[in-house]
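Q: Pasting model-v2.tsv below, which is TSV, C-alpha atoms and all ligand atoms.
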```tsv
chain	number	residue	atom	x	y	z
A	26	MET	CA	0.00	0.00	0.00
A	27	GLY	CA	3.01	2.31	0.51
A	28	LEU	CA	1.76	4.23	3.55
A	29	ALA	CA	4.06	4.64	6.55
A	30	THR	CA	2.81	5.01	10.10
A	31	VAL	CA	5.28	6.63	12.45
A	32	CYS	CA	3.82	4.47	15.21
A	33	GLU	CA	5.27	1.32	13.62
A	34	GLU	CA	8.44	2.82	12.11
A	35	ALA	CA	9.52	4.43	15.38
A	36	ARG	CA	8.42	1.36	17.37
A	37	CYS	CA	6.47	3.70	19.58
A	38	PRO	CA	5.73	2.19	23.03
A	39	ASN	CA	2.23	3.70	23.02
A	40	ILE	CA	1.01	2.07	19.80
A	41	GLY	CA	-1.58	-0.23	21.45
A	42	GLU	CA	-3.14	2.56	23.46
A	43	CYS	CA	-3.35	4.95	20.51
A	44	TRP	CA	-4.61	2.58	17.81
A	45	ALA	CA	-7.18	1.03	20.11
A	46	GLY	CA	-8.32	4.55	21.00
A	47	GLY	CA	-8.94	5.62	17.40
A	48	THR	CA	-5.71	7.51	16.65
A	49	ALA	CA	-2.93	6.85	14.16
A	50	THR	CA	0.05	8.83	12.91
A	51	PHE	CA	1.17	8.72	9.27
A	52	MET	CA	4.40	10.04	7.80
A	53	VAL	CA	3.79	11.64	4.41
A	54	MET	CA	6.14	12.56	1.54
A	55	GLY	CA	8.36	9.51	1.87
A	56	GLU	CA	10.86	8.14	4.31
A	57	VAL	CA	13.96	10.08	3.24
A	58	CYS	CA	14.59	13.49	4.82
A	59	THR	CA	16.78	16.19	3.31
A	60	ARG	CA	17.96	17.11	6.80
A	61	GLY	CA	20.07	15.31	9.38
A	62	CYS	CA	19.01	16.13	12.93
A	63	ARG	CA	21.29	14.37	15.39
A	64	PHE	CA	18.51	12.88	17.51
A	65	CYS	CA	16.43	11.48	14.67
A	66	ALA	CA	16.55	8.00	13.17
A	67	VAL	CA	14.91	8.92	9.85
A	68	LYS	CA	17.13	8.32	6.78
A	69	THR	CA	18.89	11.40	5.32
A	70	GLY	CA	19.25	11.87	1.56
A	71	ASN	CA	17.92	13.62	-1.51
A	72	PRO	CA	14.61	12.27	-2.86
A	73	ASN	CA	15.16	14.46	-5.97
A	74	GLY	CA	11.62	15.76	-6.12
A	75	TRP	CA	9.94	12.33	-5.81
A	76	LEU	CA	6.38	12.30	-4.45
A	77	ASP	CA	3.67	9.66	-4.46
A	78	HIS	CA	0.90	11.66	-6.09
A	79	GLU	CA	-1.65	9.03	-5.11
A	80	GLU	CA	-0.77	9.36	-1.43
A	81	PRO	CA	-3.58	11.82	-0.53
A	82	ASP	CA	-6.28	9.48	-1.94
A	83	LYS	CA	-4.69	6.37	-0.43
A	84	LEU	CA	-4.58	7.99	2.99
A	85	ALA	CA	-8.17	9.19	2.78
A	86	ASN	CA	-9.39	5.68	1.91
A	87	VAL	CA	-7.37	3.83	4.55
A	88	ILE	CA	-8.53	6.20	7.26
A	89	ARG	CA	-12.15	5.90	6.17
A	90	GLN	CA	-11.96	2.10	6.27
A	91	ALA	CA	-10.32	2.07	9.71
A	92	SER	CA	-12.79	4.59	11.16
A	93	TRP	CA	-10.07	6.49	12.98
A	94	GLU	CA	-11.39	9.65	14.64
A	95	TYR	CA	-8.13	11.53	15.06
A	96	VAL	CA	-5.24	11.36	12.64
A	97	VAL	CA	-1.81	12.89	12.94
A	98	LEU	CA	0.16	13.58	9.78
A	99	THR	CA	3.85	14.17	10.11
A	100	SER	CA	6.48	14.36	7.39
A	101	VAL	CA	10.12	14.43	6.56
A	102	ASP	CA	11.58	17.79	5.55
A	103	ARG	CA	11.63	18.17	1.77
A	104	ASP	CA	14.04	20.99	1.02
A	105	ASP	CA	14.42	19.47	-2.48
A	106	LEU	CA	10.89	20.64	-3.41
A	107	PRO	CA	10.35	24.31	-4.31
A	108	ASP	CA	7.47	24.63	-1.83
A	109	GLY	CA	8.94	22.23	0.75
A	110	GLY	CA	6.06	19.86	-0.02
A	111	ALA	CA	3.35	22.26	1.25
A	112	ALA	CA	0.94	21.68	-1.66
A	113	HIS	CA	1.21	17.89	-1.36
A	114	PHE	CA	0.82	17.98	2.42
A	115	ALA	CA	-2.22	20.26	2.02
A	116	ARG	CA	-3.78	17.85	-0.51
A	117	CYS	CA	-3.40	15.03	2.02
A	118	VAL	CA	-5.34	17.04	4.62
A	119	THR	CA	-8.01	18.10	2.12
A	120	GLU	CA	-8.64	14.57	0.81
A	121	ILE	CA	-8.74	13.06	4.31
A	122	LYS	CA	-11.29	15.64	5.43
A	123	LYS	CA	-13.36	15.21	2.29
A	124	ALA	CA	-13.61	11.44	2.82
A	125	ASN	CA	-13.96	11.68	6.62
A	126	PRO	CA	-15.99	14.80	7.45
A	127	ASP	CA	-15.93	14.36	11.24
A	128	ILE	CA	-12.26	13.53	11.59
A	129	ILE	CA	-9.80	15.71	13.48
A	130	VAL	CA	-6.52	16.20	11.65
A	131	GLU	CA	-3.36	17.25	13.43
A	132	VAL	CA	-0.29	18.07	11.34
A	133	LEU	CA	3.35	18.13	12.44
A	134	ILE	CA	4.78	20.26	9.69
A	135	PRO	CA	8.22	21.15	8.28
A	136	ASP	CA	9.51	24.68	8.90
A	137	PHE	CA	9.51	25.51	5.15
A	138	GLN	CA	12.82	27.30	5.81
A	139	GLY	CA	10.90	30.14	7.38
A	140	GLU	CA	9.03	31.05	4.17
A	141	GLU	CA	5.50	32.38	4.48
A	142	ALA	CA	3.95	31.25	1.17
A	143	PRO	CA	4.15	27.45	1.76
A	144	LEU	CA	2.78	27.89	5.27
A	145	ARG	CA	-0.23	29.74	3.89
A	146	VAL	CA	-0.85	26.93	1.38
A	147	LEU	CA	-0.82	24.38	4.18
A	148	LEU	CA	-3.10	26.44	6.43
A	149	ASP	CA	-5.64	26.75	3.61
A	150	SER	CA	-6.31	23.01	3.96
A	151	GLN	CA	-7.72	23.74	7.45
A	152	PRO	CA	-5.94	21.22	9.71
A	153	ASP	CA	-7.37	21.37	13.25
A	154	VAL	CA	-4.07	21.31	15.12
A	155	ILE	CA	-0.70	22.43	13.79
A	156	ALA	CA	2.58	21.46	15.41
A	157	GLN	CA	6.19	22.44	14.88
A	158	ASN	CA	8.67	21.21	17.42
A	159	VAL	CA	11.38	23.29	18.99
A	160	GLU	CA	12.70	19.85	20.07
A	161	THR	CA	15.07	21.28	22.69
A	162	VAL	CA	16.05	24.46	24.51
A	163	GLU	CA	17.57	27.34	22.56
A	164	ARG	CA	21.22	26.70	23.57
A	165	LEU	CA	21.11	23.08	22.39
A	166	THR	CA	19.24	23.69	19.13
A	167	HIS	CA	22.56	23.18	17.40
A	168	PRO	CA	23.92	20.46	17.75
A	169	VAL	CA	20.52	18.75	18.27
A	170	ARG	CA	18.72	19.95	15.13
A	171	ASP	CA	19.92	20.29	11.55
A	172	ARG	CA	21.67	23.60	10.74
A	173	ARG	CA	18.77	24.68	8.53
A	174	ALA	CA	16.36	24.46	11.46
A	175	GLY	CA	16.27	27.24	14.03
A	176	TYR	CA	14.79	27.94	17.44
A	177	GLN	CA	13.57	31.40	16.43
A	178	GLN	CA	12.49	30.12	13.01
A	179	THR	CA	10.16	27.62	14.70
A	180	LEU	CA	8.81	30.21	17.12
A	181	THR	CA	8.13	32.65	14.28
A	182	LEU	CA	6.26	29.95	12.33
A	183	LEU	CA	4.08	29.15	15.36
A	184	GLN	CA	3.38	32.84	15.92
A	185	ARG	CA	2.36	33.32	12.27
A	186	ILE	CA	-0.16	30.48	12.49
A	187	LYS	CA	-1.78	32.07	15.53
A	188	THR	CA	-1.79	35.51	13.95
A	189	TRP	CA	-3.28	34.37	10.64
A	190	GLN	CA	-5.72	31.77	12.02
A	191	PRO	CA	-6.37	32.37	15.73
A	192	ASP	CA	-8.86	29.49	15.90
A	193	ARG	CA	-6.17	26.89	15.08
A	194	PHE	CA	-4.58	25.02	17.95
A	195	THR	CA	-0.79	25.21	17.93
A	196	LYS	CA	1.48	22.69	19.55
A	197	SER	CA	5.17	22.06	20.18
A	198	SER	CA	7.42	19.47	21.82
A	199	ILE	CA	10.55	19.45	23.92
A	200	MET	CA	12.76	16.39	24.48
A	201	LEU	CA	14.37	16.27	27.91
A	202	GLY	CA	17.61	14.51	28.83
A	203	LEU	CA	19.92	16.28	26.37
A	204	GLY	CA	21.75	18.31	29.01
A	205	GLU	CA	19.30	21.22	29.34
A	206	THR	CA	18.98	23.07	32.65
A	207	ASP	CA	15.70	23.72	34.47
A	208	ALA	CA	16.10	27.45	33.81
A	209	GLU	CA	16.44	26.75	30.09
A	210	VAL	CA	13.31	24.58	30.05
A	211	ARG	CA	11.39	27.35	31.79
A	212	GLN	CA	12.67	29.90	29.27
A	213	CYS	CA	11.61	27.62	26.43
A	214	MET	CA	8.10	27.32	27.90
A	215	ALA	CA	7.95	31.11	28.26
A	216	ASP	CA	9.08	31.58	24.64
A	217	LEU	CA	6.46	29.13	23.34
A	218	ARG	CA	3.67	30.85	25.27
A	219	ALA	CA	4.90	34.27	24.12
A	220	HIS	CA	4.43	32.99	20.56
A	221	GLY	CA	0.88	31.80	21.26
A	222	VAL	CA	1.46	28.04	21.57
A	223	ASP	CA	-1.53	26.23	23.15
A	224	ILE	CA	-0.30	22.67	23.68
A	225	LEU	CA	3.04	21.29	24.86
A	226	THR	CA	4.44	17.78	25.09
A	227	LEU	CA	7.54	16.81	27.07
A	228	GLY	CA	9.21	13.41	26.72
A	229	GLN	CA	12.49	11.65	27.46
A	230	TYR	CA	15.10	11.70	24.66
A	231	LEU	CA	16.29	8.18	23.80
A	232	GLN	CA	19.37	7.63	21.62
A	233	PRO	CA	18.18	5.68	18.54
A	234	THR	CA	21.66	4.38	17.53
A	235	PRO	CA	25.23	4.85	18.86
A	236	LYS	CA	25.81	7.42	16.06
A	237	HIS	CA	23.18	9.74	17.50
A	238	LEU	CA	23.60	12.19	20.39
A	239	PRO	CA	23.99	10.44	23.76
A	240	VAL	CA	21.42	10.72	26.54
A	241	ILE	CA	22.84	13.04	29.21
A	242	ASP	CA	20.15	12.46	31.87
A	243	PHE	CA	17.22	10.17	32.45
A	244	ILE	CA	14.56	12.42	33.96
A	245	PRO	CA	12.55	10.80	36.80
A	246	PRO	CA	8.79	10.42	36.22
A	247	GLN	CA	8.11	12.72	39.19
A	248	LYS	CA	10.05	15.51	37.51
A	249	PHE	CA	7.93	15.13	34.38
A	250	LYS	CA	4.83	15.50	36.56
A	251	GLU	CA	6.27	18.68	38.06
A	252	TRP	CA	6.92	20.10	34.59
A	253	GLN	CA	3.33	19.32	33.61
A	254	GLN	CA	2.11	21.36	36.55
A	255	VAL	CA	4.48	24.22	35.80
A	256	ALA	CA	3.36	24.29	32.15
A	257	GLY	CA	-0.31	24.57	33.07
A	258	GLU	CA	-0.29	26.63	36.25
A	259	GLU	CA	2.65	28.92	35.72
A	260	PHE	CA	2.76	29.35	31.97
A	261	GLY	CA	-0.89	28.82	31.05
A	262	PHE	CA	-0.63	26.14	28.38
A	263	LEU	CA	-4.09	24.85	27.49
A	264	TYR	CA	-2.75	21.31	27.80
A	265	CYS	CA	0.60	19.68	28.57
A	266	ALA	CA	1.37	15.96	28.25
A	267	SER	CA	4.59	15.21	30.12
A	268	GLY	CA	6.16	11.83	30.86
A	269	PRO	CA	9.12	9.63	29.91
A	270	LEU	CA	7.15	7.86	27.15
A	271	VAL	CA	5.23	10.88	25.90
A	272	ARG	CA	5.91	11.57	22.24
A	273	SER	CA	4.94	14.51	20.04
A	274	SER	CA	1.82	12.60	19.02
A	275	TYR	CA	0.31	11.15	22.16
A	276	ARG	CA	-3.09	9.60	22.74
A	277	ALA	CA	-3.92	11.36	26.01
A	278	GLY	CA	-3.22	14.73	24.44
A	279	GLU	CA	-5.24	13.92	21.38
A	280	PHE	CA	-8.16	12.77	23.50
A	281	PHE	CA	-8.08	16.10	25.31
A	282	ILE	CA	-7.87	18.14	22.09
A	283	LYS	CA	-10.73	16.14	20.56
A	284	GLY	CA	-12.87	17.03	23.58
A	285	VAL	CA	-12.05	20.70	23.23
A	286	ILE	CA	-12.74	20.79	19.49
A	287	GLU	CA	-16.05	18.96	19.85
A	288	ALA	CA	-17.15	21.26	22.68
A	289	ARG	CA	-16.19	24.23	20.56
A	290	LYS	CA	-18.17	22.98	17.57
A	291	ALA	CA	-21.20	22.31	19.77
A	292	ALA	CA	-21.01	25.81	21.22
A	293	GLY	CA	-20.33	27.40	17.84
A	294	THR	CA	-17.29	29.25	19.15
A	295	GLN	CA	-13.85	29.54	17.63
A	296	THR	CA	-11.21	30.67	20.07
A	297	PRO	CA	-9.07	28.01	21.77
A	298	SER	CA	-8.30	30.28	24.71
A	299	SER	CA	-11.97	30.28	25.76
A	300	PHE	CA	-11.64	26.76	27.20
A	301	THR	CA	-10.67	25.78	30.69
A	302	LYS	CA	-7.30	24.12	31.00
A	303	GLU	CA	-8.50	21.45	33.37
A	304	THR	CA	-11.52	20.08	31.55
A	305	GLY	CA	-11.38	21.28	28.02
A	306	HIS	CA	-14.93	22.56	28.40
A	307	GLU	CA	-15.92	25.97	27.30
A	308	GLN	CA	-16.08	28.62	29.99
A	401	LIG	S1	13.79	17.33	9.90
A	401	LIG	FE1	12.47	15.90	11.08
A	401	LIG	S2	12.55	13.94	9.95
A	401	LIG	FE2	14.22	15.22	9.18
A	401	LIG	S3	16.01	14.61	10.36
A	401	LIG	FE3	15.11	16.39	11.44
A	401	LIG	S4	13.67	15.52	12.94
A	401	LIG	FE4	14.19	13.86	11.46
```
For this file, write the structure as structure tokens.
A:
Amino acid sequence: MGLATVCEEARCPNIGECWAGGTATFMVMGEVCTRGCRFCAVKTGNPNGWLDHEEPDKLANVIRQASWEYVVLTSVDRDDLPDGGAAHFARCVTEIKKANPDIIVEVLIPDFQGEEAPLRVLLDSQPDVIAQNVETVERLTHPVRDRRAGYQQTLTLLQRIKTWQPDRFTKSSIMLGLGETDAEVRQCMADLRAHGVDILTLGQYLQPTPKHLPVIDFIPPQKFKEWQQVAGEEFGFLYCASGPLVRSSYRAGEFFIKGVIEARKAAGTQTPSSFTKETGHEQ
């Protein structure tokens, strides 16, 4: 069939919980990334403009047959394509929504090298939740992420989404255990909130192969709980999933977001910030 789920490829420990709960994550635009982040196990190379033009229809059909209620689309970075793959990614969202009118679609998108035009194309397809990960604190962005990625570039992208489409939920992720300090994590949370980010996930970095960056610390589960509290109470994130096994796409978070979106639709309101952090119900 030629469709790749990140759940299987990354051997995610939460696969049973997510799939049984009606959520799946697909990686679109192939399995070869033009970038080489030093925490990531995805293959690096140059796909030379290759795209599976049937992918949007295939995805729409598979999702309809499986009756998933919440789908996450992620992708490799495609710096080899003039638009970074924005038009193709947008077609995937459009076709999925056309074939599955009640589905919630979350997208984890490339940074499009900071360009505005591809981001607008993607936003026109109306995904419900849009994520771009800072991945780590500002000081560690390089060496952790590819040189073409940037801490400020990601923040600017997230801010643009909120400015252009305030009713979209925005989301980002931080991996812990790469040598960051508590003060740096706090600063990162403050930066994300200052750029309008609604949802945060925090998880433990695990070294995929000996060639990747080593783990500096294993963060105790209790510390993750404390960060979850800090994110909600101190910084005002709408929702924070935080735990050693939490990944950017995570069932508990998606369940929460689904509740918020459905409540919003029922109430006919648009603004994410009008929901309580604790329950996801409209105030
Ligand atoms: S851009 Fe994304 S897929 Fe590509 S290497 Fe970095 S983290 Fe992995």
Q: Distance atom CA of Thr59 of chain A-atom CA of Pro107 of chain A, one decimal place?
A: 12.9 Å
Q: Let me make sure I understand: among A:Ser92, A:Thr99, A:Thr195, A:Thr119, which one has the smallest atom-to-atom distance to Val132 of chain A if we use only C-alpha atoms?
A: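 Among A:Ser92, A:Thr99, A:Thr195, A:Thr119, it is A:Thr99 that comes nearest to Val132 of chain A.
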Q: Enumerate residues in contact with ligand LIG 401 (chain A): an atom-to-atom distance of at most 12 Å, counting all atoms listed in the file. Format the result as number ranges by chain.
A: A: 31, 35, 52-71, 99-104, 109, 133-138, 157-161, 166-175, 179, 198, 200, 233, 237, 273
Q: For Val118 of chain A, which of A:Leu165, A:Val97, A:Ala142, A:Leu201 is the closest residue, counting all atoms listed in the file?
A: A:Val97
Q: Env of Glu141 of chain A: 9 Å cut, atoms = all atoms listed in the file, seq-sep filter 4 positions within chain, self excluded. Answer as a list of chain:residue names.
A: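 In the requested format, the answer is A:Phe137, A:Arg145, A:Val146, A:Leu182, A:Arg185.
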Q: For Leu203 of chain A, which of A:Ala85, A:Ile241, A:Ala112, A:Val96 is the closest residue, counting only C-alpha atoms?
A: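 Answer, going by the shortest atom-to-atom distance: A:Ile241.
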